[in-house]
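Here is upload_26.pdb, consisting of PDB, C-alpha atoms:
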ATOM      1  CA  MET A   1    -183.679  42.263 -78.032
ATOM      2  CA  LEU A   2    -182.148  39.958 -75.429
ATOM      3  CA  LEU A   3    -180.302  38.005 -78.108
ATOM      4  CA  LEU A   4    -178.830  41.240 -79.500
ATOM      5  CA  LEU A   5    -177.677  42.230 -76.014
ATOM      6  CA  PHE A   6    -176.024  38.859 -75.441
ATOM      7  CA  ARG A   7    -174.283  39.008 -78.806
ATOM      8  CA  ALA A   8    -172.943  42.466 -78.012
ATOM      9  CA  LEU A   9    -171.698  41.402 -74.578
ATOM     10  CA  SER A  10    -170.097  38.269 -76.034
ATOM     11  CA  LYS A  11    -167.585  40.449 -77.849
ATOM     12  CA  LEU A  12    -166.131  41.684 -74.551
ATOM     13  CA  PRO A  13    -163.036  39.951 -73.141
ATOM     14  CA  LEU A  14    -163.790  37.314 -70.528
ATOM     15  CA  PRO A  15    -161.775  39.183 -67.817
ATOM     16  CA  VAL A  16    -164.044  42.220 -68.312
ATOM     17  CA  LEU A  17    -167.176  40.073 -68.056
ATOM     18  CA  HIS A  18    -165.929  38.379 -64.897
ATOM     19  CA  ALA A  19    -164.923  41.661 -63.285
ATOM     20  CA  THR A  20    -168.365  43.075 -64.048
ATOM     21  CA  GLY A  21    -169.957  39.893 -62.736
ATOM     22  CA  SER A  22    -168.076  40.192 -59.471
ATOM     23  CA  LEU A  23    -169.631  43.627 -58.930
ATOM     24  CA  LEU A  24    -173.044  42.338 -59.992
ATOM     25  CA  GLY A  25    -172.827  39.526 -57.455
ATOM     26  CA  ARG A  26    -172.208  41.959 -54.619
ATOM     27  CA  LEU A  27    -175.039  44.207 -55.772
ATOM     28  CA  VAL A  28    -177.615  41.398 -55.971
ATOM     29  CA  TYR A  29    -176.545  40.108 -52.560
ATOM     30  CA  LEU A  30    -177.081  43.545 -51.004
ATOM     31  CA  LEU A  31    -180.397  44.297 -52.711
ATOM     32  CA  SER A  32    -182.193  40.928 -52.504
ATOM     33  CA  PRO A  33    -183.020  39.763 -48.945
ATOM     34  CA  GLY A  34    -184.484  36.428 -50.106
ATOM     35  CA  TYR A  35    -181.458  35.627 -52.245
ATOM     36  CA  ARG A  36    -179.120  36.659 -49.428
ATOM     37  CA  ARG A  37    -180.931  34.535 -46.842
ATOM     38  CA  ARG A  38    -180.934  31.365 -48.939
ATOM     39  CA  LEU A  39    -177.289  31.741 -49.949
ATOM     40  CA  ASN A  40    -176.250  32.256 -46.315
ATOM     41  CA  GLU A  41    -178.340  29.334 -45.056
ATOM     42  CA  ASN A  42    -177.105  26.875 -47.671
ATOM     43  CA  ILE A  43    -173.415  27.708 -47.451
ATOM     44  CA  ALA A  44    -173.521  27.626 -43.645
ATOM     45  CA  ARG A  45    -175.333  24.261 -43.610
ATOM     46  CA  ALA A  46    -172.576  22.797 -45.778
ATOM     47  CA  GLY A  47    -169.866  24.194 -43.504
ATOM     48  CA  HIS A  48    -168.312  26.395 -46.200
ATOM     49  CA  GLN A  49    -169.279  29.841 -44.854
ATOM     50  CA  VAL A  50    -165.614  30.864 -44.784
ATOM     51  CA  HIS A  51    -165.969  31.147 -48.578
ATOM     52  CA  LEU A  52    -169.033  33.419 -48.431
ATOM     53  CA  SER A  53    -167.370  36.533 -49.835
ATOM     54  CA  SER A  54    -165.902  34.637 -52.781
ATOM     55  CA  ALA A  55    -169.197  32.809 -53.384
ATOM     56  CA  ILE A  56    -171.017  36.144 -53.701
ATOM     57  CA  ARG A  57    -168.606  37.292 -56.396
ATOM     58  CA  GLU A  58    -168.543  33.954 -58.217
ATOM     59  CA  ALA A  59    -172.344  33.907 -58.440
ATOM     60  CA  GLY A  60    -172.234  37.197 -60.350
ATOM     61  CA  LYS A  61    -169.515  35.894 -62.658
ATOM     62  CA  SER A  62    -171.693  32.894 -63.527
ATOM     63  CA  ILE A  63    -174.311  35.284 -64.916
ATOM     64  CA  MET A  64    -172.040  37.654 -66.799
ATOM     65  CA  GLU A  65    -170.118  34.844 -68.522
ATOM     66  CA  LEU A  66    -173.261  33.474 -70.199
ATOM     67  CA  PRO A  67    -173.106  35.810 -73.236
ATOM     68  CA  PHE A  68    -169.543  34.646 -73.852
ATOM     69  CA  LEU A  69    -170.430  30.954 -73.444
ATOM     70  CA  TRP A  70    -173.598  31.091 -75.515
ATOM     71  CA  CYS A  71    -172.886  33.633 -78.246
ATOM     72  CA  ALA A  72    -169.120  33.877 -78.792
ATOM     73  CA  PRO A  73    -167.626  31.710 -81.575
ATOM     74  CA  GLN A  74    -167.009  28.220 -80.243
ATOM     75  CA  GLU A  75    -163.309  28.293 -81.077
ATOM     76  CA  ARG A  76    -162.929  31.431 -78.942
ATOM     77  CA  VAL A  77    -164.784  29.802 -76.047
ATOM     78  CA  LEU A  78    -162.836  26.548 -76.207
ATOM     79  CA  ALA A  79    -159.545  28.438 -76.316
ATOM     80  CA  LYS A  80    -160.279  29.308 -72.674
ATOM     81  CA  VAL A  81    -160.606  25.638 -71.630
ATOM     82  CA  ARG A  82    -158.040  23.278 -70.158
ATOM     83  CA  MET A  83    -158.741  19.620 -69.406
ATOM     84  CA  GLU A  84    -157.471  17.623 -66.455
ATOM     85  CA  ASN A  85    -157.665  13.816 -66.502
ATOM     86  CA  TRP A  86    -159.513  13.646 -69.822
ATOM     87  CA  GLU A  87    -158.019  10.182 -70.259
ATOM     88  CA  VAL A  88    -160.425   8.984 -67.546
ATOM     89  CA  ALA A  89    -163.406  10.095 -69.625
ATOM     90  CA  GLN A  90    -161.856   8.801 -72.847
ATOM     91  CA  ALA A  91    -161.402   5.356 -71.310
ATOM     92  CA  ALA A  92    -165.087   5.301 -70.391
ATOM     93  CA  ILE A  93    -166.038   6.239 -73.950
ATOM     94  CA  ASP A  94    -163.664   3.687 -75.459
ATOM     95  CA  SER A  95    -165.107   0.934 -73.249
ATOM     96  CA  GLY A  96    -168.306   0.911 -75.318
ATOM     97  CA  ARG A  97    -170.456   0.774 -72.180
ATOM     98  CA  GLY A  98    -171.493   4.414 -72.453
ATOM     99  CA  ALA A  99    -170.370   7.399 -70.382
ATOM    100  CA  LEU A 100    -172.662   9.259 -67.992
ATOM    101  CA  PHE A 101    -171.236  12.672 -67.066
ATOM    102  CA  LEU A 102    -172.580  14.108 -63.808
ATOM    103  CA  THR A 103    -171.862  17.645 -62.661
ATOM    104  CA  PRO A 104    -173.538  19.711 -59.948
ATOM    105  CA  HIS A 105    -174.266  23.444 -60.250
ATOM    106  CA  LEU A 106    -170.579  24.027 -59.639
ATOM    107  CA  GLY A 107    -168.259  26.391 -61.463
ATOM    108  CA  CYS A 108    -168.979  26.881 -65.155
ATOM    109  CA  PHE A 109    -171.091  23.771 -65.741
ATOM    110  CA  GLU A 110    -172.366  25.272 -69.016
ATOM    111  CA  ILE A 111    -168.998  24.842 -70.705
ATOM    112  CA  ILE A 112    -168.542  21.129 -69.994
ATOM    113  CA  PRO A 113    -170.862  19.777 -72.730
ATOM    114  CA  GLN A 114    -169.258  22.092 -75.276
ATOM    115  CA  ALA A 115    -165.794  20.836 -74.361
ATOM    116  CA  VAL A 116    -166.790  17.159 -74.260
ATOM    117  CA  SER A 117    -168.518  17.457 -77.639
ATOM    118  CA  THR A 118    -165.183  18.268 -79.280
ATOM    119  CA  TYR A 119    -164.159  14.663 -78.513
ATOM    120  CA  VAL A 120    -167.438  12.774 -78.761
ATOM    121  CA  PRO A 121    -171.086  13.552 -79.578
ATOM    122  CA  VAL A 122    -172.983  14.187 -76.345
ATOM    123  CA  ILE A 123    -176.634  14.573 -75.318
ATOM    124  CA  VAL A 124    -177.544  16.632 -72.275
ATOM    125  CA  MET A 125    -180.878  16.798 -70.503
ATOM    126  CA  TYR A 126    -182.430  20.218 -70.819
ATOM    127  CA  ARG A 127    -185.273  21.837 -68.895
ATOM    128  CA  PRO A 128    -186.735  24.829 -70.790
ATOM    129  CA  PRO A 129    -186.630  28.159 -68.928
ATOM    130  CA  ARG A 130    -189.828  29.264 -67.237
ATOM    131  CA  LYS A 131    -189.838  32.576 -69.082
ATOM    132  CA  GLU A 132    -190.903  31.963 -72.668
ATOM    133  CA  ALA A 133    -188.861  34.935 -73.913
ATOM    134  CA  LEU A 134    -185.667  33.187 -72.825
ATOM    135  CA  ARG A 135    -186.346  29.900 -74.608
ATOM    136  CA  PRO A 136    -185.124  30.834 -78.144
ATOM    137  CA  LEU A 137    -181.925  32.331 -76.720
ATOM    138  CA  VAL A 138    -181.140  29.374 -74.473
ATOM    139  CA  GLU A 139    -181.979  26.660 -77.003
ATOM    140  CA  GLN A 140    -180.068  28.345 -79.822
ATOM    141  CA  ALA A 141    -177.089  28.984 -77.572
ATOM    142  CA  ARG A 142    -176.843  25.488 -76.095
ATOM    143  CA  ALA A 143    -177.352  23.507 -79.302
ATOM    144  CA  LYS A 144    -173.894  23.207 -80.863
ATOM    145  CA  ALA A 145    -172.305  20.864 -83.363
ATOM    146  CA  ARG A 146    -172.240  17.349 -81.877
ATOM    147  CA  LEU A 147    -174.135  18.621 -78.817
ATOM    148  CA  ALA A 148    -177.814  17.647 -78.670
ATOM    149  CA  LEU A 149    -180.500  18.597 -76.154
ATOM    150  CA  ALA A 150    -182.907  16.080 -74.627
ATOM    151  CA  PRO A 151    -186.080  17.499 -73.055
ATOM    152  CA  ALA A 152    -186.760  16.759 -69.393
ATOM    153  CA  SER A 153    -189.551  14.330 -70.287
ATOM    154  CA  LEU A 154    -190.107  10.659 -71.046
ATOM    155  CA  THR A 155    -189.011  11.323 -74.631
ATOM    156  CA  GLY A 156    -185.775  12.854 -73.378
ATOM    157  CA  VAL A 157    -185.095   9.948 -71.019
ATOM    158  CA  ARG A 158    -185.495   7.519 -73.910
ATOM    159  CA  MET A 159    -183.005   9.562 -75.952
ATOM    160  CA  LEU A 160    -180.456   9.344 -73.140
ATOM    161  CA  LEU A 161    -180.950   5.615 -72.651
ATOM    162  CA  ARG A 162    -180.589   4.886 -76.377
ATOM    163  CA  SER A 163    -177.351   6.841 -76.425
ATOM    164  CA  LEU A 164    -175.898   5.017 -73.410
ATOM    165  CA  LYS A 165    -176.933   1.599 -74.689
ATOM    166  CA  SER A 166    -175.114   2.339 -77.949
ATOM    167  CA  GLY A 167    -171.960   3.409 -76.095
ATOM    168  CA  GLY A 168    -172.595   7.163 -76.319
ATOM    169  CA  ALA A 169    -172.113  10.032 -73.884
ATOM    170  CA  VAL A 170    -174.814  11.875 -71.958
ATOM    171  CA  GLY A 171    -174.775  14.626 -69.336
ATOM    172  CA  LEU A 172    -176.959  15.426 -66.328
ATOM    173  CA  LEU A 173    -177.147  17.922 -63.460
ATOM    174  CA  PRO A 174    -177.997  15.494 -60.637
ATOM    175  CA  ASP A 175    -178.548  18.222 -58.037
ATOM    176  CA  GLN A 176    -181.392  19.766 -60.046
ATOM    177  CA  VAL A 177    -184.675  19.304 -58.177
ATOM    178  CA  PRO A 178    -186.843  16.866 -60.207
ATOM    179  CA  GLN A 179    -190.589  16.871 -60.659
ATOM    180  CA  GLN A 180    -192.877  14.973 -58.312
ATOM    181  CA  GLY A 181    -192.533  11.237 -58.821
ATOM    182  CA  GLU A 182    -189.068  11.546 -60.389
ATOM    183  CA  GLY A 183    -187.077  11.682 -57.179
ATOM    184  CA  VAL A 184    -186.623  10.487 -53.612
ATOM    185  CA  TRP A 185    -185.539  12.195 -50.427
ATOM    186  CA  ALA A 186    -181.819  11.752 -49.777
ATOM    187  CA  PRO A 187    -179.378  13.654 -47.554
ATOM    188  CA  PHE A 188    -177.468  16.551 -49.071
ATOM    189  CA  PHE A 189    -175.156  18.293 -46.632
ATOM    190  CA  GLY A 190    -177.079  16.755 -43.769
ATOM    191  CA  LYS A 191    -180.590  17.775 -44.824
ATOM    192  CA  PRO A 192    -183.120  15.776 -46.888
ATOM    193  CA  ALA A 193    -183.205  17.011 -50.492
ATOM    194  CA  TYR A 194    -185.559  15.768 -53.192
ATOM    195  CA  THR A 195    -183.073  14.072 -55.506
ATOM    196  CA  MET A 196    -183.545  12.703 -59.016
ATOM    197  CA  THR A 197    -183.436   8.941 -59.408
ATOM    198  CA  LEU A 198    -182.609   9.050 -63.123
ATOM    199  CA  PRO A 199    -178.785   8.770 -62.876
ATOM    200  CA  GLY A 200    -178.971   5.668 -60.692
ATOM    201  CA  ARG A 201    -181.638   4.062 -62.897
ATOM    202  CA  MET A 202    -179.679   4.697 -66.082
ATOM    203  CA  GLN A 203    -176.477   3.266 -64.616
ATOM    204  CA  GLN A 204    -178.388   0.225 -63.363
ATOM    205  CA  MET A 205    -180.114  -0.337 -66.722
ATOM    206  CA  THR A 206    -177.103   0.159 -68.985
ATOM    207  CA  GLY A 207    -173.999  -0.613 -66.907
ATOM    208  CA  CYS A 208    -172.456   2.642 -68.158
ATOM    209  CA  ASP A 209    -169.393   4.242 -66.602
ATOM    210  CA  VAL A 210    -170.088   7.307 -64.459
ATOM    211  CA  ILE A 211    -167.777  10.310 -64.678
ATOM    212  CA  VAL A 212    -168.189  13.146 -62.167
ATOM    213  CA  THR A 213    -166.876  16.448 -63.431
ATOM    214  CA  TYR A 214    -166.806  20.189 -62.896
ATOM    215  CA  ALA A 215    -165.261  23.252 -64.536
ATOM    216  CA  GLU A 216    -163.392  25.523 -62.154
ATOM    217  CA  ARG A 217    -163.541  29.213 -63.053
ATOM    218  CA  LEU A 218    -159.949  30.469 -63.030
ATOM    219  CA  PRO A 219    -159.063  33.856 -61.477
ATOM    220  CA  HIS A 220    -158.945  37.088 -63.480
ATOM    221  CA  GLY A 221    -160.844  35.693 -66.450
ATOM    222  CA  ARG A 222    -158.065  33.303 -67.444
ATOM    223  CA  GLY A 223    -160.576  30.639 -68.416
ATOM    224  CA  TYR A 224    -161.725  27.281 -67.075
ATOM    225  CA  LEU A 225    -160.150  24.061 -65.857
ATOM    226  CA  ILE A 226    -162.373  20.993 -66.337
ATOM    227  CA  ARG A 227    -161.669  18.001 -64.110
ATOM    228  CA  PHE A 228    -162.879  14.453 -64.754
ATOM    229  CA  ILE A 229    -163.088  11.741 -62.069
ATOM    230  CA  ARG A 230    -164.348   8.188 -62.579
ATOM    231  CA  HIS A 231    -166.879   7.251 -59.940
ATOM    232  CA  GLU A 232    -165.853   4.039 -58.232
ATOM    233  CA  GLY A 233    -167.886   1.754 -56.030
ATOM    234  CA  PRO A 234    -171.463   0.472 -56.017
ATOM    235  CA  PHE A 235    -174.513   2.699 -56.328
ATOM    236  CA  GLY A 236    -176.798   0.473 -54.281
ATOM    237  CA  ALA A 237    -179.936  -1.410 -55.221
ATOM    238  CA  THR A 238    -182.688   1.021 -54.225
ATOM    239  CA  PRO A 239    -183.418   4.532 -55.532
ATOM    240  CA  GLU A 240    -182.781   5.929 -52.041
ATOM    241  CA  GLN A 241    -179.363   4.273 -51.846
ATOM    242  CA  GLN A 242    -178.425   5.441 -55.334
ATOM    243  CA  ALA A 243    -179.517   9.033 -54.660
ATOM    244  CA  THR A 244    -177.551   9.053 -51.401
ATOM    245  CA  VAL A 245    -174.392   7.843 -53.161
ATOM    246  CA  ILE A 246    -174.733  10.440 -55.923
ATOM    247  CA  ASN A 247    -175.360  13.283 -53.457
ATOM    248  CA  ALA A 248    -172.264  12.250 -51.516
ATOM    249  CA  ALA A 249    -170.213  12.315 -54.738
ATOM    250  CA  MET A 250    -171.493  15.815 -55.503
ATOM    251  CA  GLU A 251    -170.589  16.959 -51.971
ATOM    252  CA  GLN A 252    -167.021  15.778 -52.561
ATOM    253  CA  LEU A 253    -166.780  17.753 -55.808
ATOM    254  CA  ILE A 254    -168.167  20.877 -54.132
ATOM    255  CA  ALA A 255    -165.599  20.563 -51.339
ATOM    256  CA  ASP A 256    -162.865  20.946 -53.979
ATOM    257  CA  CYS A 257    -164.204  24.332 -55.079
ATOM    258  CA  PRO A 258    -166.832  25.519 -52.550
ATOM    259  CA  ALA A 259    -166.812  29.196 -53.521
ATOM    260  CA  GLN A 260    -168.144  28.305 -56.974
ATOM    261  CA  TYR A 261    -171.206  26.288 -56.017
ATOM    262  CA  PHE A 262    -174.618  27.812 -56.777
ATOM    263  CA  TRP A 263    -175.534  28.243 -53.089
ATOM    264  CA  SER A 264    -178.576  30.395 -53.814
ATOM    265  CA  TYR A 265    -180.307  27.508 -55.615
ATOM    266  CA  ASN A 266    -183.412  26.306 -53.765
ATOM    267  CA  ARG A 267    -182.051  22.779 -53.443
ATOM    268  CA  TYR A 268    -184.318  21.788 -50.546
ATOM    269  CA  LYS A 269    -187.686  22.678 -52.040
ATOM    270  CA  ALA A 270    -190.437  20.065 -52.280
ATOM    271  CA  PRO A 271    -192.013  19.801 -55.755
ATOM    272  CA  SER A 272    -195.766  20.180 -55.941
ATOM    273  CA  GLY A 273    -197.413  16.911 -54.946
ATOM    274  CA  ALA A 274    -194.266  15.338 -53.509
ATOM    275  CA  SER A 275    -194.389  13.728 -50.106
ATOM    276  CA  ALA A 276    -192.967  15.662 -47.188
ATOM    277  CA  PRO A 277    -189.322  15.012 -46.345
ATOM    278  CA  PRO A 278    -188.725  12.444 -43.626
ATOM    279  CA  ALA A 279    -188.588  13.793 -40.103
ATOM    280  CA  PRO A 280    -185.173  13.702 -38.449
ATOM    281  CA  PRO A 281    -184.720  10.754 -36.102
ATOM    282  CA  ALA A 282    -185.702  11.385 -32.506
ATOM    283  CA  PRO A 283    -182.782  11.758 -30.112
ATOM    284  CA  PRO A 284    -182.142   8.664 -27.987
ATOM    285  CA  ALA A 285    -183.820   8.602 -24.621
ATOM    286  CA  PRO A 286    -181.489   9.373 -21.732
ATOM    287  CA  ALA A 287    -180.245   6.400 -19.799
ATOM    288  CA  PRO A 288    -181.982   5.872 -16.465
ATOM    289  CA  VAL A 289    -180.110   7.219 -13.495
ATOM    290  CA  LYS A 290    -179.396   4.647 -10.850
ATOM    291  CA  GLU A 291    -180.222   5.685  -7.359
ATOM    292  CA  THR A 292    -177.441   5.460  -4.875
ATOM    293  CA  ALA A 293    -177.912   4.569  -1.277
TER     294      ALA A 293
END
Write out the structure in this file as structure tokens.
Amino acid sequence: MLLLLFRALSKLPLPVLHATGSLLGRLVYLLSPGYRRRLNENIARAGHQVHLSSAIREAGKSIMELPFLWCAPQERVLAKVRMENWEVAQAAIDSGRGALFLTPHLGCFEIIPQAVSTYVPVIVMYRPPRKEALRPLVEQARAKARLALAPASLTGVRMLLRSLKSGGAVGLLPDQVPQQGEGVWAPFFGKPAYTMTLPGRMQQMTGCDVIVTYAERLPHGRGYLIRFIRHEGPFGATPEQQATVINAAMEQLIADCPAQYFWSYNRYKAPSGASAPPAPPAPPAPAPVKETA
């Protein structure tokens, strides 16, 4: 039933879907106190609350565009895509060292693997949806020609490493909260967030090039602009250092397009069994006051 609905909606023009999504975003914001509270807290913590109104609308667009992204013919979807700085990504692929594409929950992150796969086969890590009824839809929709899915498990990690070691391309969402034991606490917009260690480990093990990327949703349903940026500089030697560097890189991407980040995502949750986040440092003791005669 859900698949039939998505296929029907996929026939609508993208501007209609985005306009409907804008209304949906406002409606959900008004009717869901928990959603509203988390969105407000996260966007304010990051210092981007001036974009609150736009973020509410963009969140709804991200839902309503899914039928188009998942069920419309791929040539129709890709006709809505423009690339910026693809030569950066192509140079990483041509190097033979492997290319690790990292994108946060920013803009239309679903379209990036589809677009990249038109140039090179790509494997993306995939966590099955919690609701079993959604799994056939999501897996069928995301699996495209030259686009493979790796499960969020040891088997999936091995698939990604094999691809990188052979000079292939893989994709990850580094701001997705990992399972207990798969992450460390690292600052994200000034607050400790449980952050996956996998990107740093894979770069350290393979020497691959790291490309940070996001797909900006253009106004009025005009499509998407995907930007590619080569990450420069060291990642550090420890998992904590690597996670901190990656979070900082994601913050920089989000600052380019803050209205389109998924601010309602529970980024600061602690997975079951994970250690508590570190306490903030105590403020320095006041200097002693010298008595005067």
Inset, instruction - Tell me which protein, DNA and RNA residues are within 9 Å of Gly96 (chain A), counting all atoms listed in the file, leaving out same-chain ones fewer than 3 positions away, and put them as a VMD selection string. - result: chain A and resid 92 to 93 99 164 to 168 208
Inset, instruction - For the structure provided, state which residues fall under the PyMOL selection byres ((chain A and resi 108-115) around 8), and present them as a ChimeraX atom specification. - result: /A:62,69,78,81,103-107,116-119,122,124,144,147,171,214-217,224,226
List the neighbours of region 241-254 of chain A out to 7 Å using all atoms listed in the file; skip same-chain residues closer than 2 positions along the sequence, and give me the result as a PDB file with C-alpha atoms, in the frame of the given file.
ATOM      1  CA  PRO A 104    -173.538  19.711 -59.948  1.00  0.00           C
ATOM      2  CA  LEU A 106    -170.579  24.027 -59.639  1.00  0.00           C
ATOM      3  CA  ALA A 186    -181.819  11.752 -49.777  1.00  0.00           C
ATOM      4  CA  PRO A 187    -179.378  13.654 -47.554  1.00  0.00           C
ATOM      5  CA  PHE A 188    -177.468  16.551 -49.071  1.00  0.00           C
ATOM      6  CA  THR A 195    -183.073  14.072 -55.506  1.00  0.00           C
ATOM      7  CA  MET A 196    -183.545  12.703 -59.016  1.00  0.00           C
ATOM      8  CA  THR A 197    -183.436   8.941 -59.408  1.00  0.00           C
ATOM      9  CA  GLY A 200    -178.971   5.668 -60.692  1.00  0.00           C
ATOM     10  CA  PHE A 235    -174.513   2.699 -56.328  1.00  0.00           C
ATOM     11  CA  GLY A 236    -176.798   0.473 -54.281  1.00  0.00           C
ATOM     12  CA  ALA A 237    -179.936  -1.410 -55.221  1.00  0.00           C
ATOM     13  CA  THR A 238    -182.688   1.021 -54.225  1.00  0.00           C
ATOM     14  CA  PRO A 239    -183.418   4.532 -55.532  1.00  0.00           C
ATOM     15  CA  ASP A 256    -162.865  20.946 -53.979  1.00  0.00           C
ATOM     16  CA  CYS A 257    -164.204  24.332 -55.079  1.00  0.00           C
ATOM     17  CA  PRO A 258    -166.832  25.519 -52.550  1.00  0.00           C
ATOM     18  CA  TYR A 261    -171.206  26.288 -56.017  1.00  0.00           C
TER      19      TYR A 261
END
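Each of A:Val88, A:Leu5, A:Ala270, A:Leu14 was compared to Leu218 (chain A) using only C-alpha atoms, and A:Leu14 turns out to be the nearest.
For the residues A:Asn266, A:Asn42, A:Ser153, A:Ser54, ranking by smallest atom-to-atom distance to Glu182 (chain A) using only C-alpha atoms places A:Ser153 first.
Counting from CA of Ser272 (chain A), the distance to CA of Gln179 (chain A) is 7.7 Å.
From CA of His18 (chain A) back to CA of Arg76 (chain A), the distance works out to 16.0 Å.
The gap separating CA of Pro174 (chain A) from CA of Pro234 (chain A) is 17.0 Å, in Å to one decimal.
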Inset, instruction - Could you check which of A:Ala279, A:Leu100, A:Leu30, A:Met159 is closest to Val212 (chain A), using all atoms listed in the file? - result: A:Leu100
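You can rank A:Arg45, A:Arg127, A:Arg26, A:Lys11 by their closest distance to Lys191 (chain A) using all atoms listed in the file, and at the top of that list sits A:Arg45.
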Legend entry - Picked residues, the PyMOL selection byres ((chain A and resi 125) around 12), expected as a VMD selection string: chain A and resid 100 to 103 113 122 to 124 126 to 128 139 142 to 143 147 to 161 169 to 174 176 178 198 to 199
Inset, instruction - For Lys80 (chain A), please output as JSON, numbers by chain all residues within 7 Å (counting all atoms listed in the file; exclusion window: fewer than 3 positions along the same chain). - result: {"A": [77, 222, 223, 224]}
Keeping only C-alpha atoms, write the selected residues as a PDB file, in the coordinates of the input.
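Now in part-v1.pdb:
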ATOM      1  CA  VAL A  77    -164.784  29.802 -76.047  1.00  0.00           C
ATOM      2  CA  ARG A 222    -158.065  33.303 -67.444  1.00  0.00           C
ATOM      3  CA  GLY A 223    -160.576  30.639 -68.416  1.00  0.00           C
ATOM      4  CA  TYR A 224    -161.725  27.281 -67.075  1.00  0.00           C
TER       5      TYR A 224
END
Legend entry - Shortest interatomic distance to Thr206 (chain A) - which of A:Gly221, A:Pro67, A:Pro15, A:Gly98, counting all atoms listed in the file: A:Gly98
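Residues in contact range of Ala8 (chain A), defined as at most 10 Å between all atoms listed in the file, with sequence neighbours fewer than 2 positions away removed, read Leu2, Leu3, Leu4, Leu5, Phe6, Ser10, Lys11, Leu12, Pro67, Phe68, Cys71 and Ala72 of chain A.
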Please return region 141-158 of chain A, rebuilt to N, CA and C atoms, as a short mmCIF file (atom, residue, chain, number, x, y, z; two decimals), in the coordinates of the input.
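rebuild-v2.cif written:
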data_model
loop_
_atom_site.label_atom_id
_atom_site.label_comp_id
_atom_site.auth_asym_id
_atom_site.auth_seq_id
_atom_site.Cartn_x
_atom_site.Cartn_y
_atom_site.Cartn_z
N ALA A 141 -178.45 28.87 -78.11
CA ALA A 141 -177.09 28.98 -77.57
C ALA A 141 -176.52 27.63 -77.18
N ARG A 142 -177.35 26.75 -76.61
CA ARG A 142 -176.84 25.49 -76.10
C ARG A 142 -176.68 24.43 -77.18
N ALA A 143 -177.43 24.50 -78.24
CA ALA A 143 -177.35 23.51 -79.30
C ALA A 143 -176.15 23.82 -80.19
N LYS A 144 -175.11 23.04 -80.07
CA LYS A 144 -173.89 23.21 -80.86
C LYS A 144 -173.68 21.97 -81.73
N ALA A 145 -172.66 22.04 -82.57
CA ALA A 145 -172.30 20.86 -83.36
C ALA A 145 -171.92 19.73 -82.42
N ARG A 146 -172.49 18.57 -82.66
CA ARG A 146 -172.24 17.35 -81.88
C ARG A 146 -172.72 17.46 -80.44
N LEU A 147 -173.53 18.47 -80.14
CA LEU A 147 -174.14 18.62 -78.82
C LEU A 147 -175.65 18.72 -78.99
N ALA A 148 -176.36 17.70 -78.52
CA ALA A 148 -177.81 17.65 -78.67
C ALA A 148 -178.49 17.85 -77.32
N LEU A 149 -179.72 18.35 -77.36
CA LEU A 149 -180.50 18.60 -76.15
C LEU A 149 -181.63 17.58 -76.07
N ALA A 150 -181.80 17.00 -74.88
CA ALA A 150 -182.91 16.08 -74.63
C ALA A 150 -183.86 16.75 -73.65
N PRO A 151 -185.14 16.85 -73.98
CA PRO A 151 -186.08 17.50 -73.06
C PRO A 151 -186.23 16.71 -71.77
N ALA A 152 -186.54 17.41 -70.69
CA ALA A 152 -186.76 16.76 -69.39
C ALA A 152 -188.15 16.13 -69.39
N SER A 153 -188.28 15.03 -70.12
CA SER A 153 -189.55 14.33 -70.29
C SER A 153 -189.24 12.87 -70.59
N LEU A 154 -190.30 12.07 -70.72
CA LEU A 154 -190.11 10.66 -71.05
C LEU A 154 -189.39 10.50 -72.38
N THR A 155 -189.70 11.36 -73.34
CA THR A 155 -189.01 11.32 -74.63
C THR A 155 -187.52 11.56 -74.45
N GLY A 156 -187.18 12.55 -73.62
CA GLY A 156 -185.78 12.85 -73.38
C GLY A 156 -185.06 11.71 -72.68
N VAL A 157 -185.71 11.08 -71.72
CA VAL A 157 -185.10 9.95 -71.02
C VAL A 157 -184.80 8.82 -72.00
N ARG A 158 -185.73 8.57 -72.91
CA ARG A 158 -185.50 7.52 -73.91
C ARG A 158 -184.32 7.86 -74.80
#
